[in-house]
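The next block is protein-v5.txt, given as compact mmCIF, C-alpha atoms and all ligand atoms.
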# COMPACT_ATOMS: atom_id res chain seq x y z
CA MET A 648 21.35 -15.98 17.16
CA LEU A 649 23.52 -12.99 16.31
CA ARG A 650 27.05 -12.31 17.52
CA ASP A 651 27.56 -10.42 20.77
CA ASN A 652 27.32 -6.66 20.21
CA ALA A 653 25.70 -7.07 16.77
CA LEU A 654 23.59 -3.97 17.49
CA GLN A 655 26.21 -2.07 19.51
CA GLY A 656 25.90 1.70 19.12
CA ARG A 657 22.38 1.57 17.68
CA THR A 658 19.36 3.29 19.18
CA ILE A 659 16.12 1.55 18.26
CA VAL A 660 12.59 2.82 18.93
CA VAL A 661 10.06 0.05 19.53
CA THR A 662 6.43 1.18 19.52
CA GLY A 663 4.31 -0.91 21.87
CA GLY A 664 7.57 -2.05 23.48
CA GLY A 665 6.13 -2.27 27.00
CA THR A 666 4.33 -5.58 26.42
CA GLY A 667 4.17 -8.75 24.36
CA LEU A 668 6.31 -9.13 21.26
CA GLY A 669 7.56 -5.53 21.45
CA LYS A 670 8.99 -6.23 24.89
CA SER A 671 10.64 -9.46 23.71
CA MET A 672 12.23 -7.69 20.73
CA ALA A 673 13.39 -4.82 22.95
CA ARG A 674 15.01 -7.31 25.37
CA TYR A 675 17.01 -8.99 22.61
CA PHE A 676 18.10 -5.67 21.03
CA LEU A 677 19.43 -4.67 24.46
CA MET A 678 21.23 -8.01 24.84
CA LEU A 679 22.92 -7.33 21.50
CA GLY A 680 24.19 -3.94 22.66
CA ALA A 681 21.54 -1.50 21.37
CA SER A 682 19.91 1.25 23.39
CA VAL A 683 16.13 1.13 23.19
CA VAL A 684 13.23 3.56 23.39
CA ILE A 685 9.88 1.97 24.18
CA ALA A 686 6.82 4.07 23.37
CA SER A 687 3.11 3.49 23.93
CA ARG A 688 0.14 4.98 25.79
CA LYS A 689 0.59 3.49 29.29
CA LEU A 690 3.59 5.09 30.98
CA GLU A 691 3.36 2.94 34.09
CA THR A 692 3.60 -0.28 32.07
CA LEU A 693 6.51 1.16 30.08
CA GLN A 694 8.38 2.21 33.21
CA LYS A 695 7.99 -1.25 34.76
CA THR A 696 9.23 -2.91 31.58
CA ALA A 697 12.13 -0.47 31.28
CA GLU A 698 13.29 -1.23 34.82
CA GLU A 699 12.93 -4.97 34.30
CA LEU A 700 14.80 -5.02 30.96
CA ALA A 701 17.56 -2.69 32.16
CA ALA A 702 18.16 -4.89 35.21
CA GLU A 703 18.09 -8.06 33.11
CA THR A 704 20.39 -6.89 30.30
CA GLY A 705 22.40 -3.97 31.72
CA GLY A 706 21.27 -1.92 28.70
CA GLN A 707 19.72 1.53 28.50
CA VAL A 708 15.95 1.78 28.04
CA LEU A 709 13.98 5.01 27.75
CA PRO A 710 10.22 4.69 28.34
CA LEU A 711 8.14 7.40 26.62
CA ALA A 712 4.37 7.85 26.77
CA CYS A 713 2.89 8.38 23.34
CA ASP A 714 -0.35 7.75 21.48
CA ALA A 715 0.87 6.75 18.01
CA ARG A 716 -2.30 8.25 16.48
CA ASP A 717 -1.21 11.77 17.47
CA TYR A 718 1.52 13.21 15.23
CA ALA A 719 2.59 15.84 17.78
CA GLN A 720 3.13 13.16 20.43
CA VAL A 721 5.25 11.16 17.98
CA GLU A 722 7.37 14.26 17.26
CA LYS A 723 7.91 14.54 21.03
CA VAL A 724 9.20 10.95 21.10
CA LEU A 725 11.81 11.87 18.49
CA THR A 726 12.85 15.01 20.38
CA ASP A 727 13.13 13.17 23.71
CA ALA A 728 14.91 10.16 22.21
CA VAL A 729 17.51 12.31 20.44
CA ALA A 730 17.98 14.47 23.56
CA HIS A 731 18.59 11.31 25.61
CA PHE A 732 20.64 9.10 23.26
CA GLY A 733 22.07 11.59 20.73
CA ARG A 734 20.61 9.83 17.74
CA VAL A 735 18.11 7.19 16.61
CA ASP A 736 18.77 4.78 13.76
CA GLY A 737 16.16 2.07 13.99
CA LEU A 738 12.36 1.98 14.25
CA VAL A 739 10.09 -0.99 14.87
CA ASN A 740 6.45 -0.19 14.16
CA ASN A 741 4.97 -2.84 16.45
CA ALA A 742 2.10 -1.06 18.27
CA ALA A 743 -1.33 -2.36 17.30
CA GLY A 744 -4.96 -2.52 18.30
CA ASN A 745 -7.23 -5.39 17.36
CA PHE A 746 -10.28 -7.42 18.40
CA ILE A 747 -12.49 -10.02 16.79
CA SER A 748 -16.00 -9.13 15.74
CA PRO A 749 -18.40 -9.77 12.91
CA THR A 750 -17.84 -6.69 10.74
CA GLU A 751 -21.52 -5.69 10.63
CA ARG A 752 -21.46 -5.31 14.42
CA LEU A 753 -18.68 -2.72 14.35
CA SER A 754 -19.39 0.97 14.86
CA ALA A 755 -17.60 3.43 12.61
CA ARG A 756 -15.56 4.47 15.65
CA ALA A 757 -14.49 0.88 16.33
CA PHE A 758 -13.24 0.61 12.74
CA ASP A 759 -11.43 3.97 13.05
CA THR A 760 -9.81 2.96 16.30
CA VAL A 761 -8.03 -0.10 14.92
CA VAL A 762 -7.11 1.49 11.58
CA ASP A 763 -5.80 4.61 13.31
CA ILE A 764 -3.56 2.72 15.74
CA VAL A 765 -2.16 0.34 13.13
CA LEU A 766 -1.98 2.34 9.91
CA LYS A 767 -1.90 5.95 11.09
CA GLY A 768 0.35 5.03 14.02
CA THR A 769 2.80 3.42 11.60
CA TYR A 770 2.86 6.27 9.12
CA ASN A 771 3.08 8.89 11.88
CA PHE A 772 6.21 7.24 13.33
CA THR A 773 7.69 6.51 9.92
CA LEU A 774 7.16 10.06 8.70
CA VAL A 775 8.51 11.76 11.84
CA PHE A 776 11.62 9.56 11.99
CA GLY A 777 12.08 9.49 8.21
CA LYS A 778 12.20 13.30 8.00
CA TYR A 779 14.81 13.30 10.76
CA TRP A 780 16.98 10.61 9.14
CA ILE A 781 16.85 12.35 5.78
CA ALA A 782 17.82 15.70 7.33
CA GLU A 783 20.66 14.08 9.32
CA HIS A 784 21.85 11.76 6.50
CA ILE A 785 21.33 8.67 8.68
CA LYS A 786 20.98 5.35 6.82
CA ALA A 787 18.41 3.97 9.21
CA SER A 788 16.30 0.84 9.15
CA VAL A 789 12.55 0.45 9.63
CA LEU A 790 10.85 -2.79 10.57
CA ASN A 791 7.06 -3.05 10.39
CA ILE A 792 5.22 -5.83 12.20
CA VAL A 793 2.29 -6.97 10.06
CA THR A 794 0.44 -10.32 9.95
CA THR A 795 0.00 -13.01 7.31
CA TYR A 796 -3.57 -11.84 6.73
CA ALA A 797 -2.12 -8.56 5.42
CA TRP A 798 -2.20 -10.29 2.00
CA THR A 799 -4.90 -12.93 2.45
CA GLY A 800 -7.34 -10.81 4.45
CA SER A 801 -9.20 -12.50 7.31
CA ALA A 802 -12.79 -12.76 8.40
CA PHE A 803 -13.66 -11.19 11.78
CA VAL A 804 -10.64 -8.85 11.95
CA VAL A 805 -11.41 -6.69 8.92
CA PRO A 806 -10.13 -3.31 10.27
CA SER A 807 -6.86 -4.95 11.28
CA ALA A 808 -6.52 -6.76 7.95
CA ALA A 809 -7.15 -3.53 6.02
CA ALA A 810 -4.68 -1.57 8.14
CA LYS A 811 -1.94 -4.23 8.02
CA ALA A 812 -2.33 -4.40 4.23
CA GLY A 813 -1.72 -0.65 4.20
CA VAL A 814 1.37 -1.06 6.35
CA LEU A 815 2.70 -3.68 3.94
CA ALA A 816 2.13 -1.26 1.05
CA ILE A 817 4.05 1.43 2.95
CA THR A 818 6.88 -1.08 3.53
CA ARG A 819 7.30 -1.93 -0.13
CA SER A 820 6.80 1.63 -1.37
CA LEU A 821 9.32 3.25 0.97
CA ALA A 822 11.86 0.47 0.44
CA VAL A 823 12.16 1.80 -3.09
CA GLU A 824 11.61 5.50 -2.51
CA TRP A 825 13.78 6.00 0.58
CA GLY A 826 16.11 3.13 -0.29
CA ALA A 827 17.11 4.70 -3.59
CA LYS A 828 17.37 8.27 -2.34
CA TYR A 829 18.63 7.90 1.21
CA GLY A 830 19.82 4.31 1.82
CA ILE A 831 17.06 3.75 4.37
CA ARG A 832 15.96 0.09 4.45
CA THR A 833 12.31 -0.82 5.13
CA ASN A 834 11.23 -4.39 5.84
CA ALA A 835 8.39 -6.24 7.53
CA ILE A 836 7.80 -9.36 9.58
CA ALA A 837 4.52 -11.28 9.32
CA PRO A 838 4.15 -13.37 12.47
CA GLY A 839 1.77 -16.27 12.84
CA PRO A 840 0.42 -17.00 16.32
CA PHE A 841 2.73 -15.98 19.20
CA PRO A 842 1.04 -16.07 22.61
CA THR A 843 0.80 -12.63 24.20
CA GLN A 844 -1.72 -11.40 26.71
CA GLY A 845 -2.80 -8.55 24.41
CA ALA A 846 -3.53 -10.75 21.40
CA TRP A 847 -4.86 -13.80 23.23
CA GLU A 848 -7.33 -11.86 25.42
CA ARG A 849 -8.80 -10.13 22.39
CA LEU A 850 -8.53 -12.75 19.64
CA PHE A 851 -8.79 -16.12 21.37
CA PRO A 852 -10.97 -15.35 24.41
CA ALA A 853 -12.13 -18.04 26.83
CA GLU A 854 -15.56 -18.07 25.14
CA ILE A 855 -13.83 -19.50 22.07
CA LEU A 856 -10.96 -21.53 23.43
CA GLY A 857 -12.43 -22.62 26.75
CA GLU A 858 -10.36 -22.88 29.87
CA LYS A 859 -7.79 -25.41 28.68
CA LEU A 860 -6.98 -23.77 25.35
CA VAL A 861 -6.89 -27.14 23.59
CA ASN A 862 -9.93 -27.23 21.31
CA GLU A 863 -9.94 -27.10 17.53
CA HIS A 864 -9.90 -23.29 17.50
CA HIS A 865 -6.48 -23.19 19.14
CA PRO A 866 -4.09 -21.61 16.62
CA ALA A 867 -1.51 -24.42 17.04
CA HIS A 868 -3.93 -26.73 15.21
CA ARG A 869 -3.65 -24.57 12.11
CA VAL A 870 0.15 -24.71 12.01
CA PRO A 871 1.91 -27.59 10.19
CA LEU A 872 4.60 -27.60 12.90
CA LYS A 873 1.80 -28.11 15.47
CA ARG A 874 2.83 -25.35 17.82
CA VAL A 875 2.70 -21.61 18.30
CA GLY A 876 5.75 -19.35 18.02
CA ASP A 877 8.33 -18.68 20.68
CA HIS A 878 9.04 -14.98 21.29
CA GLN A 879 12.80 -15.49 20.93
CA GLU A 880 12.26 -16.86 17.42
CA LEU A 881 10.66 -13.58 16.40
CA ALA A 882 13.23 -11.49 18.27
CA ASN A 883 16.04 -13.29 16.41
CA LEU A 884 14.50 -12.41 13.06
CA ALA A 885 13.83 -8.79 14.05
CA ALA A 886 17.41 -8.28 15.26
CA PHE A 887 18.79 -9.83 12.09
CA LEU A 888 16.67 -7.61 9.81
CA LEU A 889 17.74 -4.46 11.67
CA SER A 890 21.41 -5.47 11.75
CA ASP A 891 24.14 -5.04 9.15
CA TYR A 892 23.91 -8.78 8.42
CA ALA A 893 20.73 -7.91 6.51
CA SER A 894 22.17 -4.86 4.78
CA PHE A 895 21.01 -5.99 1.30
CA ILE A 896 17.49 -6.98 2.42
CA ASN A 897 15.07 -4.18 1.59
CA GLY A 898 11.32 -4.24 0.89
CA GLU A 899 10.96 -7.81 2.09
CA VAL A 900 8.23 -9.25 4.29
CA VAL A 901 9.45 -12.32 6.15
CA THR A 902 6.79 -14.74 7.32
CA ILE A 903 7.39 -16.52 10.63
CA ASP A 904 4.37 -18.76 11.17
CA GLY A 905 5.47 -22.41 11.01
CA GLY A 906 3.79 -22.66 7.60
CA GLU A 907 0.35 -21.65 8.90
CA TRP A 908 -0.95 -19.47 6.10
CA LEU A 909 0.21 -21.79 3.34
CA MET A 910 -1.53 -24.68 5.05
CA GLY A 911 -4.73 -22.65 5.00
CA ALA A 912 -4.23 -21.86 1.32
CA GLY A 913 -3.36 -25.29 -0.09
CA GLU A 914 -6.28 -27.15 -1.70
CA PHE A 915 -5.27 -30.53 -0.24
CA SER A 916 -3.67 -29.40 3.04
CA GLY A 917 -6.49 -30.94 5.08
CA PHE A 918 -5.56 -34.39 3.75
CA HIS A 919 -2.78 -34.70 6.32
CA THR A 920 -5.40 -36.28 8.59
CA LEU A 921 -5.89 -39.24 6.21
CA SER A 922 -4.59 -42.58 7.53
CA ASP A 923 -1.99 -44.78 5.82
CA GLU A 924 -4.78 -47.30 5.13
CA THR A 925 -6.79 -44.67 3.28
CA TRP A 926 -3.72 -43.70 1.21
CA ASP A 927 -3.15 -47.44 0.43
CA ALA A 928 -6.76 -47.77 -0.73
CA ILE A 929 -6.49 -44.65 -2.89
CA ALA A 930 -3.28 -45.97 -4.49
CA GLN A 931 -4.84 -49.40 -5.22
CA GLN A 932 -7.90 -47.83 -6.83
CA ALA A 933 -5.76 -45.48 -8.90
CA LYS A 934 -3.55 -48.36 -10.14
CA LYS A 935 -6.62 -50.46 -11.06
CA LYS A 936 -7.96 -47.57 -13.15
C1 LIG A 1001 -16.46 -4.46 19.03
C2 LIG A 1001 -15.19 -2.84 20.09
C3 LIG A 1001 -14.47 -3.83 20.80
C4 LIG A 1001 -14.81 -5.21 20.56
C5 LIG A 1001 -13.71 -1.89 21.39
N1 LIG A 1001 -14.68 -1.66 20.50
N2 LIG A 1001 -13.55 -3.21 21.58
N3 LIG A 1001 -16.16 -3.15 19.22
N4 LIG A 1001 -15.81 -5.48 19.66
N5 LIG A 1001 -14.19 -6.21 21.18
C6 LIG A 1001 -15.17 -0.35 20.04
C7 LIG A 1001 -15.71 0.47 21.18
O1 LIG A 1001 -17.05 0.11 21.46
C8 LIG A 1001 -15.57 1.89 20.63
O2 LIG A 1001 -16.57 2.19 19.69
C9 LIG A 1001 -14.29 1.81 19.82
O3 LIG A 1001 -14.08 0.41 19.53
C10 LIG A 1001 -13.09 2.33 20.59
O4 LIG A 1001 -13.01 1.64 21.82
P1 LIG A 1001 -12.15 2.19 23.04
O5 LIG A 1001 -12.18 1.15 24.10
O6 LIG A 1001 -12.57 3.58 23.39
O7 LIG A 1001 -10.70 2.30 22.35
P2 LIG A 1001 -9.27 2.50 22.98
O8 LIG A 1001 -9.34 2.80 24.44
O9 LIG A 1001 -8.55 3.44 22.08
O10 LIG A 1001 -8.61 1.01 22.87
C11 LIG A 1001 -8.23 0.49 21.64
C12 LIG A 1001 -8.61 -0.98 21.53
C13 LIG A 1001 -8.06 -1.83 22.71
C14 LIG A 1001 -8.05 -1.46 20.16
C15 LIG A 1001 -10.12 -1.11 21.52
O11 LIG A 1001 -8.38 -3.21 22.52
C16 LIG A 1001 -6.58 -1.69 22.87
O12 LIG A 1001 -6.11 -0.81 23.56
N6 LIG A 1001 -5.77 -2.57 22.22
C17 LIG A 1001 -4.29 -2.51 22.25
C18 LIG A 1001 -3.63 -3.87 22.30
C19 LIG A 1001 -4.11 -4.89 21.29
O13 LIG A 1001 -5.17 -4.75 20.67
N7 LIG A 1001 -3.31 -5.93 21.12
C20 LIG A 1001 -3.61 -7.04 20.17
C21 LIG A 1001 -2.74 -6.97 18.98
S1 LIG A 1001 -2.82 -8.52 18.14
P3 LIG A 1001 -17.94 3.02 20.11
O14 LIG A 1001 -18.62 3.26 18.80
O15 LIG A 1001 -18.69 2.10 21.01
O16 LIG A 1001 -17.47 4.27 20.79
C22 LIG A 1001 -2.79 -8.25 16.46
C23 LIG A 1001 -2.65 -9.38 15.43
C24 LIG A 1001 -2.78 -10.74 15.97
O17 LIG A 1001 -2.85 -7.18 16.03
C25 LIG A 1001 -2.84 -11.86 14.94
C26 LIG A 1001 -2.92 -13.19 15.68
C27 LIG A 1001 -2.63 -14.38 14.84
P1 LIG A 1002 0.27 -6.40 22.62
O1 LIG A 1002 1.16 -6.88 23.73
O2 LIG A 1002 -1.13 -6.05 22.93
O3 LIG A 1002 1.02 -5.17 21.93
C1 LIG A 1002 0.38 -4.07 21.38
C2 LIG A 1002 1.08 -2.83 21.89
O4 LIG A 1002 0.59 -1.69 21.17
C3 LIG A 1002 0.86 -2.57 23.37
O5 LIG A 1002 2.11 -2.48 24.02
C4 LIG A 1002 0.13 -1.23 23.41
O6 LIG A 1002 0.59 -0.46 24.52
C5 LIG A 1002 0.53 -0.61 22.09
N1 LIG A 1002 -0.48 0.36 21.61
C6 LIG A 1002 -1.80 0.14 21.39
N2 LIG A 1002 -2.40 1.27 20.99
C7 LIG A 1002 -1.43 2.22 20.93
C8 LIG A 1002 -1.41 3.59 20.58
N3 LIG A 1002 -2.53 4.23 20.20
N4 LIG A 1002 -0.23 4.27 20.62
C9 LIG A 1002 0.92 3.64 21.01
N5 LIG A 1002 0.97 2.35 21.35
C10 LIG A 1002 -0.19 1.65 21.31
O7 LIG A 1002 0.19 -7.48 21.44
P2 LIG A 1002 1.31 -8.31 20.65
O8 LIG A 1002 0.71 -9.63 20.38
O9 LIG A 1002 2.62 -8.21 21.33
O10 LIG A 1002 1.36 -7.52 19.26
C11 LIG A 1002 2.54 -6.88 18.82
C12 LIG A 1002 2.52 -6.78 17.30
O11 LIG A 1002 2.57 -8.09 16.73
C13 LIG A 1002 1.29 -6.12 16.72
O12 LIG A 1002 1.65 -5.32 15.60
C14 LIG A 1002 0.45 -7.27 16.25
O13 LIG A 1002 -0.44 -6.91 15.22
C15 LIG A 1002 1.54 -8.20 15.76
N6 LIG A 1002 1.14 -9.60 15.67
C16 LIG A 1002 0.97 -10.33 16.79
C17 LIG A 1002 0.64 -11.68 16.67
C18 LIG A 1002 0.48 -12.56 17.86
O14 LIG A 1002 0.14 -13.74 17.71
N7 LIG A 1002 0.72 -12.09 19.06
C19 LIG A 1002 0.45 -12.24 15.41
C20 LIG A 1002 0.61 -11.44 14.28
C21 LIG A 1002 0.97 -10.12 14.43
P3 LIG A 1002 -0.34 0.60 25.31
O15 LIG A 1002 -1.58 -0.10 25.69
O16 LIG A 1002 0.55 1.04 26.45
O17 LIG A 1002 -0.57 1.73 24.35
Would you mind giving the structure from this file in structure tokens?
Amino acid sequence: MLRDNALQGRTIVVTGGGTGLGKSMARYFLMLGASVVIASRKLETLQKTAEELAAETGGQVLPLACDARDYAQVEKVLTDAVAHFGRVDGLVNNAAGNFISPTERLSARAFDTVVDIVLKGTYNFTLVFGKYWIAEHIKASVLNIVTTYAWTGSAFVVPSAAAKAGVLAITRSLAVEWGAKYGIRTNAIAPGPFPTQGAWERLFPAEILGEKLVNEHHPAHRVPLKRVGDHQELANLAAFLLSDYASFINGEVVTIDGGEWLMGAGEFSGFHTLSDETWDAIAQQAKKK
């Protein structure tokens, strides 16, 4: 979507960049000329992804092992990234943990685990990199990956919904605080369903969707456009929001879900299944009255 070299000279850290949407965003940032740090717990996965993306794009990728819940490990990511690339000026808080469960079945530790990865992981990275940008006078850009249920809430993923709502609050708060003082932009993307192994295994398991993934629980059925998202569509938006083309966008959350959450919210959205004959009958009755 963007011009060649739109991210030339940038170094962008993508948490959870070894898999799924993080990997797809990292690939496109590299194609646009950025250098990329990918950070998550599994070094082997990161190394494989780094090799693959470097070969595919010719860009520079630094894989760093890090548990986002541990502040000291996040500080080490900053130190290593700056030692390797000289500076960092973009951060995508994409790492997450999630699973579906009736809330009353969760242990306190299960709740902690998801909230710590999503909310604590995001504020750990944001704080470590924010302190560095402020000290170095770098007008950086932060992009937080949330979900549409950050504002609606959702049954069966309550720890994730609570944590993503917190991340959205951080996004809007820092857009003002760090925007005004330091010129640091903070935005968010709220994706609808984008197939990834990590999300699908945990949120739409075979017990729910069956083998063919076509029943009424398939997320595509909830989307007006009748499909799930394509990774490149999300990567385009992420690259745009981090680039100078979006230099006046700050504190925004951009939804990319084919209209899914609005369809769930609209009182009459389910009526799209009514036939033309039914609509004719309704019109005739209404005119008679
Ligand atoms: C109930 C569960 C559980 C489950 C784990 N736990 N899975 N409880 N149902 N399915 C409980 C465990 O029993 C344990 O509590 C506690 O959670 C911690 O589990 P661990 O396995 O020790 O945690 P850990 O190794 O840190 O792994 C974290 C994880 C795992 C979140 C559980 O799934 C993970 O690594 N996820 C990373 C990737 C991911 O989740 N991707 C999906 C993102 S999709 P006890 O009390 O027993 O010790 C997304 C939005 C999608 O975020 C929106 C789609 C539209
Ligand atoms: P994914 O591939 O499972 O990505 C999650 C990533 O987070 C993994 O790479 C994982 O790597 C990393 N991670 C987990 N715990 C971590 C920790 N403690 N420290 C550091 N990294 C950690 O799933 P995805 O679908 O691409 O999700 C990416 C983002 O999109 C998430 O924020 C998710 O909430 C959001 N999202 C996804 C969808 C969707 O439909 N896919 C919809 C809405 C929002 P390690 O295991 O190596 O740590």
Would you give the centre and edge lengths, in Å to one decimal, of a box along x, y and z around the listed atoms of stretch 654-660 of chain A, with 8 Å added to each side, as lines of an AutoDock Vina configuration file?
center_x = 19.4
center_y = -0.3
center_z = 18.5
size_x = 29.6
size_y = 23.3
size_z = 18.0
- request: Report as a PyMOL selection string which protein, DNA and RNA residues come within 7 Å of ligand LIG 1002 (chain A), using only C-alpha atoms and all ligand atoms.
  value: chain A and resi 662-669+686-690+692-693+713-716+741-744+764+768+792-794+837-846
query: Quick one: residues within 9 Å of A:Thr750, only C-alpha atoms counted, chain neighbours fewer than 4 positions away excluded, as a PyMOL selection string?
result: chain A and resi 754+758+802-806
- prompt: Of the candidates A:Thr760, A:Thr795, A:Ser788, A:Ser671, which shows the shortest atom-to-atom distance to A:Ile836, using only C-alpha atoms?
  reply: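 For A:Ile836, the nearest of the candidates is A:Thr795.
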message: I need every residue sitting at most 7 Å from the point (18.4, 0.2, 14.9) (coordinates as in the file, all atoms listed in the file considered), written as a VMD selection string.
response: chain A and resid 657 to 659 736 to 738 787 to 788 889
- request: To one decimal in Å, tell me the separation between atom C27 of ligand LIG 1001 (chain A) and atom CA of A:Phe918.
  value: 23.1 Å
task: Check the smallest atom-to-atom distance from each of A:Leu821, A:Ala882, A:Leu921, A:Val765 to ligand LIG 1001 (chain A) using all atoms listed in the file, then report the winner.
output: A:Val765
